[in-house]
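Text of start-v5.txt (compact mmCIF, C-alpha atoms) as supplied:
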```
# COMPACT_ATOMS: atom_id res chain seq x y z
CA MET A 1 138.03 99.41 35.01
CA THR A 2 134.73 99.83 36.80
CA ILE A 3 133.93 103.17 38.32
CA ALA A 4 132.89 103.14 41.95
CA ILE A 5 131.53 105.59 44.48
CA GLY A 6 134.37 107.08 46.53
CA GLN A 7 136.94 106.65 43.75
CA PRO A 8 138.35 109.38 41.49
CA ALA A 9 136.08 109.88 38.48
CA PRO A 10 137.85 108.88 35.26
CA ASP A 11 139.11 112.00 33.51
CA PHE A 12 138.53 112.51 29.81
CA GLU A 13 138.69 115.10 27.06
CA LEU A 14 135.98 115.47 24.41
CA ALA A 15 134.80 117.82 21.71
CA ALA A 16 131.98 119.96 23.03
CA SER A 17 129.34 122.40 21.96
CA GLY A 18 130.56 125.80 20.88
CA GLY A 19 133.66 124.40 19.18
CA GLN A 20 135.52 123.79 22.42
CA ARG A 21 137.31 120.80 23.89
CA VAL A 22 136.51 119.99 27.48
CA LYS A 23 138.29 117.94 30.12
CA LEU A 24 136.46 116.75 33.21
CA SER A 25 139.45 117.96 35.25
CA ASP A 26 138.76 121.52 33.97
CA TYR A 27 135.96 121.63 36.55
CA ARG A 28 137.96 120.77 39.67
CA GLY A 29 136.77 123.00 42.48
CA LYS A 30 133.13 122.64 41.44
CA HIS A 31 130.65 119.82 41.77
CA VAL A 32 129.93 118.26 38.38
CA VAL A 33 126.65 116.75 37.27
CA LEU A 34 127.65 114.52 34.36
CA TYR A 35 124.55 113.19 32.69
CA PHE A 36 124.57 110.68 29.85
CA TYR A 37 121.60 110.64 27.48
CA PRO A 38 120.86 108.73 24.27
CA LYS A 39 120.17 111.35 21.58
CA ASP A 40 119.64 115.05 20.93
CA MET A 41 116.20 116.19 19.77
CA THR A 42 114.31 113.11 20.98
CA ALA A 43 111.31 113.56 23.26
CA THR A 44 112.64 112.18 26.54
CA CYS A 45 116.14 113.60 26.07
CA THR A 46 114.66 117.01 25.31
CA THR A 47 112.50 116.85 28.44
CA GLN A 48 115.55 115.96 30.52
CA ALA A 49 117.71 118.73 29.00
CA CYS A 50 114.95 121.29 29.54
CA ASP A 51 114.49 120.13 33.14
CA PHE A 52 118.21 120.74 33.74
CA ARG A 53 117.92 124.09 31.91
CA ASP A 54 115.02 125.19 34.09
CA ARG A 55 116.94 124.42 37.30
CA SER A 56 120.42 125.42 36.08
CA ALA A 57 120.57 128.60 38.18
CA GLU A 58 119.84 126.53 41.30
CA TYR A 59 122.61 124.10 40.39
CA ALA A 60 125.00 127.03 39.91
CA ASP A 61 123.95 128.47 43.29
CA ALA A 62 124.82 125.08 44.82
CA GLY A 63 128.31 125.23 43.24
CA ALA A 64 127.61 122.68 40.53
CA VAL A 65 128.08 122.64 36.77
CA ILE A 66 125.98 120.53 34.43
CA LEU A 67 127.59 118.59 31.59
CA GLY A 68 125.45 116.56 29.20
CA LEU A 69 126.99 113.78 27.13
CA SER A 70 125.74 111.74 24.17
CA THR A 71 127.26 110.17 21.08
CA ASP A 72 125.87 112.95 18.87
CA PRO A 73 128.46 115.16 17.14
CA ALA A 74 129.18 118.62 18.55
CA ALA A 75 127.46 120.34 15.60
CA ARG A 76 124.19 118.56 16.47
CA HIS A 77 124.68 119.58 20.11
CA ASP A 78 124.94 123.21 18.96
CA LYS A 79 121.55 122.92 17.21
CA PHE A 80 120.01 121.26 20.30
CA ILE A 81 121.37 124.03 22.54
CA ALA A 82 120.13 126.77 20.21
CA LYS A 83 116.65 125.26 19.80
CA TYR A 84 116.06 124.80 23.55
CA GLU A 85 118.29 127.59 24.93
CA LEU A 86 120.36 125.18 27.01
CA PRO A 87 122.81 127.08 29.26
CA PHE A 88 125.29 124.23 29.73
CA VAL A 89 127.93 122.35 27.74
CA LEU A 90 127.08 119.21 25.79
CA LEU A 91 129.90 116.75 25.12
CA ALA A 92 130.29 114.68 21.95
CA ASP A 93 131.31 111.09 22.73
CA GLU A 94 131.02 109.93 19.12
CA GLU A 95 133.25 106.88 19.62
CA HIS A 96 131.48 106.10 22.95
CA GLN A 97 134.82 105.80 24.76
CA VAL A 98 133.69 107.84 27.78
CA SER A 99 130.33 106.09 27.81
CA GLU A 100 132.17 102.77 28.00
CA LEU A 101 134.52 104.12 30.68
CA TYR A 102 131.50 105.01 32.84
CA GLY A 103 129.72 101.73 32.06
CA VAL A 104 126.70 103.30 30.35
CA TRP A 105 127.28 101.93 26.81
CA GLN A 106 124.80 99.07 26.96
CA LEU A 107 122.89 96.61 24.83
CA LYS A 108 119.38 98.01 24.47
CA LYS A 109 116.15 96.72 22.97
CA MET A 110 113.42 98.65 21.22
CA TYR A 111 110.58 97.23 19.13
CA GLY A 112 112.23 93.81 19.20
CA LYS A 113 115.57 95.07 17.88
CA GLU A 114 118.80 95.00 19.83
CA TYR A 115 121.41 97.73 19.51
CA MET A 116 124.16 99.39 21.49
CA GLY A 117 123.44 102.76 23.02
CA ILE A 118 123.69 104.97 26.09
CA GLU A 119 121.77 103.95 29.18
CA ARG A 120 120.43 107.22 30.64
CA SER A 121 122.59 107.81 33.73
CA THR A 122 123.77 110.64 35.95
CA PHE A 123 126.97 110.91 37.97
CA ILE A 124 127.81 113.48 40.65
CA ILE A 125 131.49 114.27 40.99
CA ASP A 126 132.63 116.38 43.92
CA LYS A 127 135.00 119.36 43.94
CA ASP A 128 138.00 117.06 44.31
CA GLY A 129 137.07 114.91 41.30
CA VAL A 130 135.69 111.99 43.33
CA LEU A 131 132.55 110.14 42.24
CA VAL A 132 130.04 110.56 45.07
CA LYS A 133 126.70 109.49 43.56
CA GLU A 134 125.33 107.70 40.53
CA TRP A 135 121.93 107.02 39.09
CA ARG A 136 121.59 104.40 36.35
CA LYS A 137 118.55 103.62 34.21
CA VAL A 138 117.28 107.10 35.04
CA ARG A 139 113.60 107.90 34.78
CA VAL A 140 113.39 111.57 33.82
CA LYS A 141 110.40 112.59 35.94
CA ASN A 142 111.71 114.32 39.11
CA HIS A 143 115.30 113.24 38.45
CA VAL A 144 116.71 116.76 38.11
CA GLU A 145 115.17 117.70 41.47
CA GLU A 146 116.53 114.54 43.09
CA ALA A 147 120.07 115.25 41.86
CA LEU A 148 119.84 118.88 43.01
CA ALA A 149 118.62 117.79 46.46
CA PHE A 150 121.58 115.41 46.76
CA ILE A 151 124.03 118.21 45.97
CA ARG A 152 122.39 120.59 48.44
CA GLU A 153 122.13 118.04 51.26
CA GLU A 154 125.22 115.90 50.84
CA LEU A 155 127.92 118.14 49.41
```
Would you mind writing the structure in this file as structure tokens?
Amino acid sequence: MTIAIGQPAPDFELAASGGQRVKLSDYRGKHVVLYFYPKDMTATCTTQACDFRDRSAEYADAGAVILGLSTDPAARHDKFIAKYELPFVLLADEEHQVSELYGVWQLKKMYGKEYMGIERSTFIIDKDGVLVKEWRKVRVKNHVEEALAFIREEL
């Protein structure tokens, strides 16, 4: 199954920060910013998380919740949240099932080595659970502002 704009976003349930389990459908009635990132505590992922943190009140004012997702375990997410005071839930996709469902589990290359990992991507899901926007191969600079502008202007 390939996800597509205008189609219902695939629902899922995952372990999350704070010892909870979260379903995407728990957030019906709100816009959801579902962002996939490679790894907690790495430079670019930290920058991205802190960018979302710094604009989180504006997302909330626009009726949106932020959910971050990586293959790190929930306990590592808790440390990441505590270290950077992140005010949103991080989801643990340790078996990369949701990452595969959303098409972001990709073959990557670094320093001549190939490996499987998450391609940094963001999906906007509307209040009815429909996928309305996606960004793949995200460059972090200005991305959080771009996603917020989309929510304010389009939804």
For this session: Tell me which of A:Ala147, A:Leu24, A:Leu107, A:Ala74 sits closest to Gly129 (chain A), counting only C-alpha atoms.
Result: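 Among A:Ala147, A:Leu24, A:Leu107, A:Ala74, it is A:Leu24 that comes nearest to Gly129 (chain A).
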Exercise. So which residues touch region 94-101 of chain A within 7 Å, counting all atoms listed in the file, skipping near sequence neighbours fewer than 4 positions away, as a ChimeraX atom specification?
Worked result: /A:71-73,105,118
Exercise. Which of these residues is nearest to Asp11 (chain A), using all atoms listed in the file: A:Asp128, A:Phe80, A:Ser70, A:Met116?
Worked result: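 For Asp11 (chain A), the nearest of the given residues is A:Asp128.
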Compile the contact shell of Glu146 (chain A) as a PDB file with C-alpha atoms, in the frame of the given file: residues with an atom at most 12 Å away, counting all atoms listed in the file, same-chain residues fewer than 2 positions apart removed.
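Generated output (selection_15.pdb):
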```pdb
ATOM      1  CA  VAL A  33     126.650 116.750  37.270  1.00  0.00           C
ATOM      2  CA  ASP A  51     114.490 120.130  33.140  1.00  0.00           C
ATOM      3  CA  PHE A  52     118.210 120.740  33.740  1.00  0.00           C
ATOM      4  CA  ARG A  55     116.940 124.420  37.300  1.00  0.00           C
ATOM      5  CA  TYR A  59     122.610 124.100  40.390  1.00  0.00           C
ATOM      6  CA  THR A 122     123.770 110.640  35.950  1.00  0.00           C
ATOM      7  CA  ILE A 124     127.810 113.480  40.650  1.00  0.00           C
ATOM      8  CA  LYS A 133     126.700 109.490  43.560  1.00  0.00           C
ATOM      9  CA  GLU A 134     125.330 107.700  40.530  1.00  0.00           C
ATOM     10  CA  TRP A 135     121.930 107.020  39.090  1.00  0.00           C
ATOM     11  CA  VAL A 138     117.280 107.100  35.040  1.00  0.00           C
ATOM     12  CA  ARG A 139     113.600 107.900  34.780  1.00  0.00           C
ATOM     13  CA  VAL A 140     113.390 111.570  33.820  1.00  0.00           C
ATOM     14  CA  LYS A 141     110.400 112.590  35.940  1.00  0.00           C
ATOM     15  CA  ASN A 142     111.710 114.320  39.110  1.00  0.00           C
ATOM     16  CA  HIS A 143     115.300 113.240  38.450  1.00  0.00           C
ATOM     17  CA  VAL A 144     116.710 116.760  38.110  1.00  0.00           C
ATOM     18  CA  LEU A 148     119.840 118.880  43.010  1.00  0.00           C
ATOM     19  CA  ALA A 149     118.620 117.790  46.460  1.00  0.00           C
ATOM     20  CA  PHE A 150     121.580 115.410  46.760  1.00  0.00           C
ATOM     21  CA  ILE A 151     124.030 118.210  45.970  1.00  0.00           C
ATOM     22  CA  ARG A 152     122.390 120.590  48.440  1.00  0.00           C
ATOM     23  CA  GLU A 153     122.130 118.040  51.260  1.00  0.00           C
ATOM     24  CA  GLU A 154     125.220 115.900  50.840  1.00  0.00           C
TER      25      GLU A 154
END
```
Exercise. If you measure from CA of Asp54 (chain A) to CA of Gln20 (chain A), what distance in Å do you get, rounded to one decimal?
Worked result: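 Separating CA of Asp54 (chain A) from CA of Gln20 (chain A) is a distance of 23.6 Å.
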For this session: List the residues sitting within 6 Å of (130.5, 117.7, 42.9) in the file's frame, using all atoms listed in the file, as a list in words.
Result: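 Nearby residues: Lys30, His31, Val32, Ile124, Ile125, Asp126 and Lys127 of chain A.
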Exercise. Do you have the CA of Glu145 (chain A)-CA of Ile81 (chain A) distance handy?
Worked result: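 Separating CA of Glu145 (chain A) from CA of Ile81 (chain A) is a distance of 20.9 Å.
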For this session: Please indicate the distance in Å from CA of Glu85 (chain A) to CA of Tyr35 (chain A), rounded to one decimal place.
Result: 17.5 Å
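Each of A:Ala16, A:Leu69, A:Cys45, A:Leu34 was compared to Leu131 (chain A) using only C-alpha atoms, and A:Leu34 turns out to be the nearest.
For the set A:His77, A:Lys137, A:Arg53, A:Lys83, the residue with the smallest atom-to-atom gap to Val104 (chain A) is A:Lys137, counting all atoms listed in the file.
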Problem set entry | Neighbours of point (125.7, 121.4, 28.4) within 7 Å, using all atoms listed in the file, written as a ChimeraX atom specification | /A:66-68,86-90
Exercise. Which is closest to Phe123 (chain A) among A:Val65, A:Ala43, A:Met110, A:Ala75, if we use all atoms listed in the file?
Worked result: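 Residue with the minimum atom-to-atom distance to Phe123 (chain A): A:Val65.
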Problem set entry | Residue nearest Tyr37 (chain A) - candidates A:Gly18, A:Asp93, A:Phe12, A:Gly112, atoms counted: only C-alpha atoms |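 Closest candidate: A:Asp93.
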Missing atoms in region 37-48 of chain A: fill them in up to all heavy atoms and send the result as a PDB file, in the frame of the given file.
```pdb
ATOM      1  N   TYR A  37     122.932 110.791  28.073  1.00  0.00           N
ATOM      2  CA  TYR A  37     121.600 110.640  27.480  1.00  0.00           C
ATOM      3  C   TYR A  37     121.755 110.097  26.067  1.00  0.00           C
ATOM      4  O   TYR A  37     122.778 110.294  25.414  1.00  0.00           O
ATOM      5  CB  TYR A  37     120.850 111.983  27.499  1.00  0.00           C
ATOM      6  CG  TYR A  37     121.464 113.054  26.629  1.00  0.00           C
ATOM      7  CD1 TYR A  37     120.964 113.323  25.357  1.00  0.00           C
ATOM      8  CD2 TYR A  37     122.553 113.804  27.077  1.00  0.00           C
ATOM      9  CE1 TYR A  37     121.530 114.301  24.558  1.00  0.00           C
ATOM     10  CE2 TYR A  37     123.121 114.785  26.282  1.00  0.00           C
ATOM     11  CZ  TYR A  37     122.614 115.027  25.019  1.00  0.00           C
ATOM     12  OH  TYR A  37     123.182 115.989  24.226  1.00  0.00           O
ATOM     13  N   PRO A  38     120.722 109.412  25.562  1.00  0.00           N
ATOM     14  CA  PRO A  38     120.860 108.730  24.270  1.00  0.00           C
ATOM     15  C   PRO A  38     120.998 109.618  23.043  1.00  0.00           C
ATOM     16  O   PRO A  38     121.863 109.364  22.199  1.00  0.00           O
ATOM     17  CB  PRO A  38     119.603 107.872  24.179  1.00  0.00           C
ATOM     18  CG  PRO A  38     119.207 107.641  25.599  1.00  0.00           C
ATOM     19  CD  PRO A  38     119.560 108.911  26.312  1.00  0.00           C
ATOM     20  N   LYS A  39     120.168 110.661  22.869  1.00  0.00           N
ATOM     21  CA  LYS A  39     120.170 111.350  21.580  1.00  0.00           C
ATOM     22  C   LYS A  39     119.529 112.727  21.665  1.00  0.00           C
ATOM     23  O   LYS A  39     118.456 112.885  22.217  1.00  0.00           O
ATOM     24  CB  LYS A  39     119.422 110.493  20.550  1.00  0.00           C
ATOM     25  CG  LYS A  39     119.596 110.950  19.119  1.00  0.00           C
ATOM     26  CD  LYS A  39     119.294 109.803  18.178  1.00  0.00           C
ATOM     27  CE  LYS A  39     119.589 110.142  16.749  1.00  0.00           C
ATOM     28  NZ  LYS A  39     120.980 110.452  16.466  1.00  0.00           N
ATOM     29  N   ASP A  40     120.198 113.701  21.042  1.00  0.00           N
ATOM     30  CA  ASP A  40     119.640 115.050  20.930  1.00  0.00           C
ATOM     31  C   ASP A  40     118.318 115.012  20.161  1.00  0.00           C
ATOM     32  O   ASP A  40     118.142 114.199  19.256  1.00  0.00           O
ATOM     33  CB  ASP A  40     120.599 115.967  20.150  1.00  0.00           C
ATOM     34  CG  ASP A  40     121.891 116.279  20.894  1.00  0.00           C
ATOM     35  OD1 ASP A  40     121.940 116.109  22.120  1.00  0.00           O
ATOM     36  OD2 ASP A  40     122.857 116.697  20.226  1.00  0.00           O
ATOM     37  N   MET A  41     117.442 115.943  20.495  1.00  0.00           N
ATOM     38  CA  MET A  41     116.200 116.190  19.770  1.00  0.00           C
ATOM     39  C   MET A  41     115.143 115.096  19.889  1.00  0.00           C
ATOM     40  O   MET A  41     114.141 115.134  19.191  1.00  0.00           O
ATOM     41  CB  MET A  41     116.438 116.459  18.271  1.00  0.00           C
ATOM     42  CG  MET A  41     117.453 117.526  17.970  1.00  0.00           C
ATOM     43  SD  MET A  41     116.853 119.174  18.361  1.00  0.00           S
ATOM     44  CE  MET A  41     118.192 120.148  17.698  1.00  0.00           C
ATOM     45  N   THR A  42     115.343 114.121  20.753  1.00  0.00           N
ATOM     46  CA  THR A  42     114.310 113.110  20.980  1.00  0.00           C
ATOM     47  C   THR A  42     113.474 113.552  22.187  1.00  0.00           C
ATOM     48  O   THR A  42     113.929 114.347  23.019  1.00  0.00           O
ATOM     49  CB  THR A  42     114.911 111.718  21.212  1.00  0.00           C
ATOM     50  OG1 THR A  42     115.801 111.774  22.326  1.00  0.00           O
ATOM     51  CG2 THR A  42     115.669 111.234  19.973  1.00  0.00           C
ATOM     52  N   ALA A  43     112.272 113.044  22.274  1.00  0.00           N
ATOM     53  CA  ALA A  43     111.310 113.560  23.260  1.00  0.00           C
ATOM     54  C   ALA A  43     111.826 113.498  24.701  1.00  0.00           C
ATOM     55  O   ALA A  43     111.839 114.508  25.408  1.00  0.00           O
ATOM     56  CB  ALA A  43     109.985 112.805  23.133  1.00  0.00           C
ATOM     57  N   THR A  44     112.235 112.326  25.146  1.00  0.00           N
ATOM     58  CA  THR A  44     112.640 112.180  26.540  1.00  0.00           C
ATOM     59  C   THR A  44     113.940 112.931  26.824  1.00  0.00           C
ATOM     60  O   THR A  44     114.089 113.562  27.881  1.00  0.00           O
ATOM     61  CB  THR A  44     112.764 110.698  26.917  1.00  0.00           C
ATOM     62  OG1 THR A  44     111.517 110.052  26.619  1.00  0.00           O
ATOM     63  CG2 THR A  44     113.065 110.507  28.387  1.00  0.00           C
ATOM     64  N   CYS A  45     114.870 112.891  25.880  1.00  0.00           N
ATOM     65  CA  CYS A  45     116.140 113.600  26.070  1.00  0.00           C
ATOM     66  C   CYS A  45     115.924 115.110  26.092  1.00  0.00           C
ATOM     67  O   CYS A  45     116.589 115.823  26.845  1.00  0.00           O
ATOM     68  CB  CYS A  45     117.138 113.206  24.985  1.00  0.00           C
ATOM     69  SG  CYS A  45     117.623 111.470  25.089  1.00  0.00           S
ATOM     70  N   THR A  46     114.984 115.584  25.299  1.00  0.00           N
ATOM     71  CA  THR A  46     114.660 117.010  25.310  1.00  0.00           C
ATOM     72  C   THR A  46     114.031 117.395  26.638  1.00  0.00           C
ATOM     73  O   THR A  46     114.389 118.424  27.228  1.00  0.00           O
ATOM     74  CB  THR A  46     113.728 117.362  24.131  1.00  0.00           C
ATOM     75  OG1 THR A  46     114.416 117.062  22.910  1.00  0.00           O
ATOM     76  CG2 THR A  46     113.336 118.824  24.154  1.00  0.00           C
ATOM     77  N   THR A  47     113.110 116.581  27.130  1.00  0.00           N
ATOM     78  CA  THR A  47     112.500 116.850  28.440  1.00  0.00           C
ATOM     79  C   THR A  47     113.574 116.927  29.517  1.00  0.00           C
ATOM     80  O   THR A  47     113.583 117.858  30.339  1.00  0.00           O
ATOM     81  CB  THR A  47     111.478 115.751  28.788  1.00  0.00           C
ATOM     82  OG1 THR A  47     110.433 115.786  27.819  1.00  0.00           O
ATOM     83  CG2 THR A  47     110.888 115.948  30.185  1.00  0.00           C
ATOM     84  N   GLN A  48     114.496 115.971  29.514  1.00  0.00           N
ATOM     85  CA  GLN A  48     115.550 115.960  30.520  1.00  0.00           C
ATOM     86  C   GLN A  48     116.438 117.205  30.409  1.00  0.00           C
ATOM     87  O   GLN A  48     116.730 117.859  31.410  1.00  0.00           O
ATOM     88  CB  GLN A  48     116.399 114.692  30.379  1.00  0.00           C
ATOM     89  CG  GLN A  48     117.470 114.578  31.443  1.00  0.00           C
ATOM     90  CD  GLN A  48     118.276 113.304  31.308  1.00  0.00           C
ATOM     91  OE1 GLN A  48     118.446 112.761  30.223  1.00  0.00           O
ATOM     92  NE2 GLN A  48     118.783 112.824  32.432  1.00  0.00           N
TER      93      GLN A  48
END
```
